[in-house]
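Before any comments, here is the structure.
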Amino acid sequence: MKKIVTLGEVMLRLSPPGNQRFFQTHSFDVEFGGSEANVGAALAYWGMDVAHITAFPDHEIGWAAAGQLRKNGIDTRFIPHVSGRMGVYYLEQGAMQRSSQVIYDRAGSAFANLEPSKLNWDAILEGADWLHWSGITPALSQSCAELTLAALQKAQEKGVKVSGDLNYRSNLWQFGKAPHDIMPKLMELTHVIIAGTRDFKQCLNEDYKSFTEVRNMAFERFPQLDYIVKTDRISHSSSNNTISATLFGKKKTFSSRSYELTHIVDRVGTGDAFGGGLIYGLLHMKPKDAIEFAMAAGAIKHSVPGDILLCSLQEVKELAAGEGGGKIKR
């Protein structure tokens with residue numbers, strides 16, 4: 001069994017029921033989720049040994065969040081419970097031509113204030129095959145940037161493969177450092193990068209005219225890099241998207257089939273499901289099959305409410321192979 005470690009904040013998600021707007025609702029549906037933990041949950045459902053690293057406040061909401069991770073099959077024994085607050089985000093689900101809205105309330109959370117010395121990366125990464133991080137974590141605070149770097153340095157020392165979803169979000173970088181002050185060093189220690197042209201531009205503070213230029217630059221600048229992965233989405237409406245993905249190696253390129261998604265249930269966590277599928281695929285399959293598996297996982301997540309992809313390994317494999325797709329299971 002492969003062991004995967006994921007790193008990142010887990011937040012409380014509050015959503016008006018159905019497709020209600022914030023100013024209509026009298027109640028909220030409650031979920032726990034975070035990009036990297038969502039990746040880990042998908043992998044755990046597929047039989048992987050997954051440990052997630054975050055920090056929770058030392059009170060009932062923090063304990064409930066840890067309990068939810070354990071329900072999803074994730075090892076929580078390395079997660080410290082410390083003083084502080086739980087990060088929160090509010091999600092209003094879009095429909096038809098109305099976009100979804102997200103409001104974050106995460107400043108000063110227990111994770112954002114976590115001291116890197118609280119984590120023993122030697123113990124955490126013992127026996128690990130893979131470490132996954134995203135650009136959300138180093139954007140939260142100086143301490144989060146430092147603990148991400150410490151994790152990646154220890155992974156390199158131990159020969160652990162590393163994937164990173166750059167996931168640039170301009171509203172998160174508020175602690176006095178720009179992405180290009182932090183991200184290049186993390187990218188140097190990463191073997192698989194999930195990103196588009198904009199992510200590379202912002203993280204490296206460079207103006208690239210095309211993704212081809214980005215790809216050529218990245219493989220030259222970051223010799224440790226094995227693959228760059230780019231997803232593409234055409235939004236016809238909030239409920240109707242077309243998605244596909246491409247995996248770029250140093251010598252070969254592999255593209256997935258396109259999926260026409262109508263009547264989308266929930267877009268949150270779809271990129272995380274894709275990331276989990278990519279990690280599983282690269283650990284168990286040839287690259288051309290890995291990108292198909294990843295895209296199938298991302299496609300299925302659009303049909304599942306909540307942050308996490310809840311489906312079997314067989315379901316994803318069937319869709320990746322061109323089977324499934326709405327058949328009645330008997």
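Chain labels follow the order of the structure tokens: the first chain is A, the next B, and so on; residue numbering restarts at 1 in every chain, and ligands are counted from 1 in their shown order.
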
task: Write out as a list in words each polymer residue whose atoms come within 6 Å of A:Ile243, counting only C-alpha atoms; drop sequence neighbours fewer than 3 positions from it.
output: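 Residues near the query, excluding close chain neighbours: Asp232, Arg233, Ser258 and Tyr259 of chain A.
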
message: Need to verify the contact set: stretch 276-283 of chain A, 7 Å, only C-alpha atoms, exclusion of same-chain residues closer than 6 positions in sequence. Can you return it as a PyMOL selection string?
response: chain A and resi 39-40+42-43+289-291+293-294+297

Output for the residues just chosen: all heavy atoms as a short mmCIF file (atom, residue, chain, number, x, y, z; two decimals), in the first residue's frame:
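File written: result.cif
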```cif
data_model
loop_
_atom_site.label_atom_id
_atom_site.label_comp_id
_atom_site.auth_asym_id
_atom_site.auth_seq_id
_atom_site.Cartn_x
_atom_site.Cartn_y
_atom_site.Cartn_z
N VAL A 39 -7.89 16.05 -1.52
CA VAL A 39 -7.03 15.14 -2.30
C VAL A 39 -6.78 13.87 -1.51
O VAL A 39 -6.91 12.75 -2.01
CB VAL A 39 -5.69 15.84 -2.65
CG1 VAL A 39 -4.70 14.83 -3.25
CG2 VAL A 39 -5.92 17.00 -3.62
N GLY A 40 -6.42 14.03 -0.24
CA GLY A 40 -6.13 12.89 0.61
C GLY A 40 -7.33 11.99 0.81
O GLY A 40 -7.21 10.76 0.82
N ALA A 42 -9.88 11.44 -1.23
CA ALA A 42 -10.10 10.62 -2.43
C ALA A 42 -9.15 9.44 -2.45
O ALA A 42 -9.56 8.29 -2.72
CB ALA A 42 -9.92 11.48 -3.68
N LEU A 43 -7.89 9.69 -2.16
CA LEU A 43 -6.89 8.62 -2.16
C LEU A 43 -7.18 7.58 -1.08
O LEU A 43 -6.98 6.38 -1.29
CB LEU A 43 -5.50 9.23 -1.97
CG LEU A 43 -4.98 10.00 -3.19
CD1 LEU A 43 -3.84 10.94 -2.78
CD2 LEU A 43 -4.51 9.04 -4.27
N ASP A 289 -2.48 6.74 -19.10
CA ASP A 289 -3.62 6.25 -18.34
C ASP A 289 -3.85 7.09 -17.08
O ASP A 289 -4.99 7.26 -16.63
CB ASP A 289 -3.41 4.79 -17.95
CG ASP A 289 -3.28 3.88 -19.16
OD1 ASP A 289 -4.06 4.08 -20.12
OD2 ASP A 289 -2.40 3.01 -19.17
N ALA A 290 -2.77 7.62 -16.53
CA ALA A 290 -2.87 8.44 -15.32
C ALA A 290 -3.69 9.70 -15.57
O ALA A 290 -4.53 10.08 -14.75
CB ALA A 290 -1.47 8.80 -14.82
N ILE A 291 -3.47 10.36 -16.71
CA ILE A 291 -4.20 11.60 -16.97
C ILE A 291 -5.67 11.31 -17.26
O ILE A 291 -6.55 12.09 -16.89
CB ILE A 291 -3.52 12.42 -18.11
CG1 ILE A 291 -4.07 13.85 -18.14
CG2 ILE A 291 -3.66 11.74 -19.45
CD1 ILE A 291 -3.74 14.67 -16.93
N PHE A 293 -7.36 8.78 -15.89
CA PHE A 293 -7.93 8.46 -14.58
C PHE A 293 -8.19 9.75 -13.79
O PHE A 293 -9.25 9.91 -13.17
CB PHE A 293 -6.97 7.55 -13.82
CG PHE A 293 -7.49 7.10 -12.48
CD1 PHE A 293 -8.27 5.95 -12.38
CD2 PHE A 293 -7.20 7.82 -11.33
CE1 PHE A 293 -8.76 5.54 -11.13
CE2 PHE A 293 -7.68 7.41 -10.10
CZ PHE A 293 -8.46 6.27 -10.00
N ALA A 294 -7.23 10.67 -13.82
CA ALA A 294 -7.37 11.93 -13.09
C ALA A 294 -8.57 12.73 -13.59
O ALA A 294 -9.37 13.26 -12.80
CB ALA A 294 -6.10 12.76 -13.22
N ALA A 297 -11.86 11.20 -12.51
CA ALA A 297 -12.14 11.51 -11.10
C ALA A 297 -12.68 12.93 -10.97
O ALA A 297 -13.65 13.18 -10.24
CB ALA A 297 -10.87 11.34 -10.27
#
```

- prompt: Counting only C-alpha atoms, which of A:Ala112, A:Ala299, A:Val265, A:Val316 gets nearest to A:Phe175?
  reply: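 The closest residue to A:Phe175 is A:Ala112.
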
query: So how far away is atom CA of A:Thr197 from atom CA of A:Val229, in Å?
result: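 About the pair atom CA of A:Val229 and atom CA of A:Thr197: they are 11.0 Å apart.
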
statement: A:Ala64 proximity check over A:Phe32, A:Phe254, A:Phe111, A:Phe22, using only C-alpha atoms: winner is A:Phe32

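Here the question is which of A:Ile124, A:Val102, A:Ala55, A:Leu12 gets nearest to A:Asp29 using only C-alpha atoms, and that residue is A:Leu12.
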
message: Just want the 12 Å neighbourhood of A:Asn120, counted on only C-alpha atoms, with same-chain residues fewer than 2 positions away dropped. Output as a PyMOL selection string.
response: chain A and resi 53+77-80+115-118+122-126+147+150-151+154

- prompt: Within 10 Å of A:Phe248, counting only C-alpha atoms, which residues qualify if same-chain residues fewer than 2 places away don't, as a PyMOL selection string?
  reply: chain A and resi 192-193+215+219+226-230+245-246+250-255+287

field: Backbone DSSP call of strand (DSSP E or B) for stretch 126-252 of chain A, listed as JSON, numbers by chain
entry: {"A": [130, 131, 132, 133, 134, 161, 162, 163, 164, 165, 192, 193, 194, 227, 228, 229, 230, 231, 232, 233, 234, 235, 236, 237, 240, 241, 242, 243, 244, 245, 246, 247, 248]}

task: For stretch 34-36 of chain A, please output as number ranges by chain all residues within 7 Å (counting only C-alpha atoms; exclusion window: fewer than 6 positions along the same chain).
output: A: 6-11, 133-134, 269, 272

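The spacing separating atom CA of A:Tyr208 from atom CA of A:Gln224 amounts to 21.1 Å.
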
Within 9 Å of A:His180, counting only C-alpha atoms, which residues qualify if same-chain residues fewer than 6 places away don't, as a compact mmCIF listing (two decimals) with all heavy atoms, in the first residue's frame?
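The resulting selection_38.txt:
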```txt
# COMPACT_ATOMS: atom_id res chain seq x y z
N GLN A 202 2.31 34.51 -12.05
CA GLN A 202 2.23 35.16 -10.75
C GLN A 202 3.26 34.60 -9.77
O GLN A 202 3.83 35.34 -8.96
CB GLN A 202 0.81 34.99 -10.17
CG GLN A 202 -0.27 35.66 -10.99
CD GLN A 202 -0.09 37.16 -11.08
OE1 GLN A 202 0.44 37.79 -10.16
NE2 GLN A 202 -0.55 37.75 -12.18
N CYS A 203 3.51 33.30 -9.83
CA CYS A 203 4.43 32.69 -8.88
C CYS A 203 5.89 33.01 -9.19
O CYS A 203 6.75 32.98 -8.30
CB CYS A 203 4.22 31.18 -8.83
SG CYS A 203 2.64 30.70 -8.09
N LEU A 204 6.19 33.30 -10.45
CA LEU A 204 7.57 33.59 -10.85
C LEU A 204 7.79 35.05 -11.23
O LEU A 204 8.92 35.45 -11.52
CB LEU A 204 7.97 32.68 -12.02
CG LEU A 204 7.92 31.18 -11.74
CD1 LEU A 204 8.27 30.39 -13.00
CD2 LEU A 204 8.85 30.80 -10.59
N ASN A 205 6.70 35.84 -11.25
CA ASN A 205 6.78 37.26 -11.60
C ASN A 205 7.40 37.45 -12.99
O ASN A 205 8.27 38.30 -13.19
CB ASN A 205 7.59 38.03 -10.56
CG ASN A 205 7.36 39.53 -10.66
OD1 ASN A 205 6.30 39.98 -11.07
ND2 ASN A 205 8.37 40.31 -10.28
```

message: If we count only C-alpha atoms and set the cut-off at 10 Å, which residues sit around A:Lys185, ignoring sequence neighbours fewer than 5 positions away in its own chain? Please answer as a PyMOL selection string.
response: chain A and resi 149+152-153+180+190+222

task: Go ahead and compute the interatomic distance for atom CA of A:Ala195 and atom CA of A:Lys286, in Å to one decimal.
output: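 Between atom CA of A:Ala195 and atom CA of A:Lys286 the gap works out to 20.7 Å.
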
Among stretch 13-97 of chain A, which residues does DSSP mark as alpha helix (DSSP H) when it is run on the backbone? Keep the chain and numbering as in the structure and answer as a PDB file with C-alpha atoms, in the first residue's frame.
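The resulting selection_31.pdb:
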```
ATOM      1  CA  SER A  35      -8.021  21.498  -0.956  1.00  0.00           C
ATOM      2  CA  GLU A  36      -5.211  19.197   0.123  1.00  0.00           C
ATOM      3  CA  ALA A  37      -7.338  17.196   2.572  1.00  0.00           C
ATOM      4  CA  ASN A  38      -9.859  16.641  -0.233  1.00  0.00           C
ATOM      5  CA  VAL A  39      -7.031  15.143  -2.304  1.00  0.00           C
ATOM      6  CA  GLY A  40      -6.127  12.889   0.608  1.00  0.00           C
ATOM      7  CA  ALA A  41      -9.722  11.770   1.179  1.00  0.00           C
ATOM      8  CA  ALA A  42     -10.104  10.620  -2.427  1.00  0.00           C
ATOM      9  CA  LEU A  43      -6.892   8.622  -2.155  1.00  0.00           C
ATOM     10  CA  ALA A  44      -7.986   7.099   1.152  1.00  0.00           C
ATOM     11  CA  TYR A  45     -11.263   5.936  -0.422  1.00  0.00           C
ATOM     12  CA  GLU A  60     -15.222  20.942  19.948  1.00  0.00           C
ATOM     13  CA  ILE A  61     -15.228  22.288  16.370  1.00  0.00           C
ATOM     14  CA  GLY A  62     -11.566  21.356  15.948  1.00  0.00           C
ATOM     15  CA  TRP A  63     -12.214  17.889  17.343  1.00  0.00           C
ATOM     16  CA  ALA A  64     -15.211  17.491  15.018  1.00  0.00           C
ATOM     17  CA  ALA A  65     -13.035  18.426  12.024  1.00  0.00           C
ATOM     18  CA  ALA A  66     -10.434  15.832  13.015  1.00  0.00           C
ATOM     19  CA  GLY A  67     -13.193  13.280  13.452  1.00  0.00           C
ATOM     20  CA  GLN A  68     -14.459  13.972   9.927  1.00  0.00           C
ATOM     21  CA  LEU A  69     -10.981  13.353   8.502  1.00  0.00           C
ATOM     22  CA  ARG A  70     -10.855  10.025  10.339  1.00  0.00           C
ATOM     23  CA  LYS A  71     -14.299   9.102   8.940  1.00  0.00           C
TER      24      LYS A  71
END
```
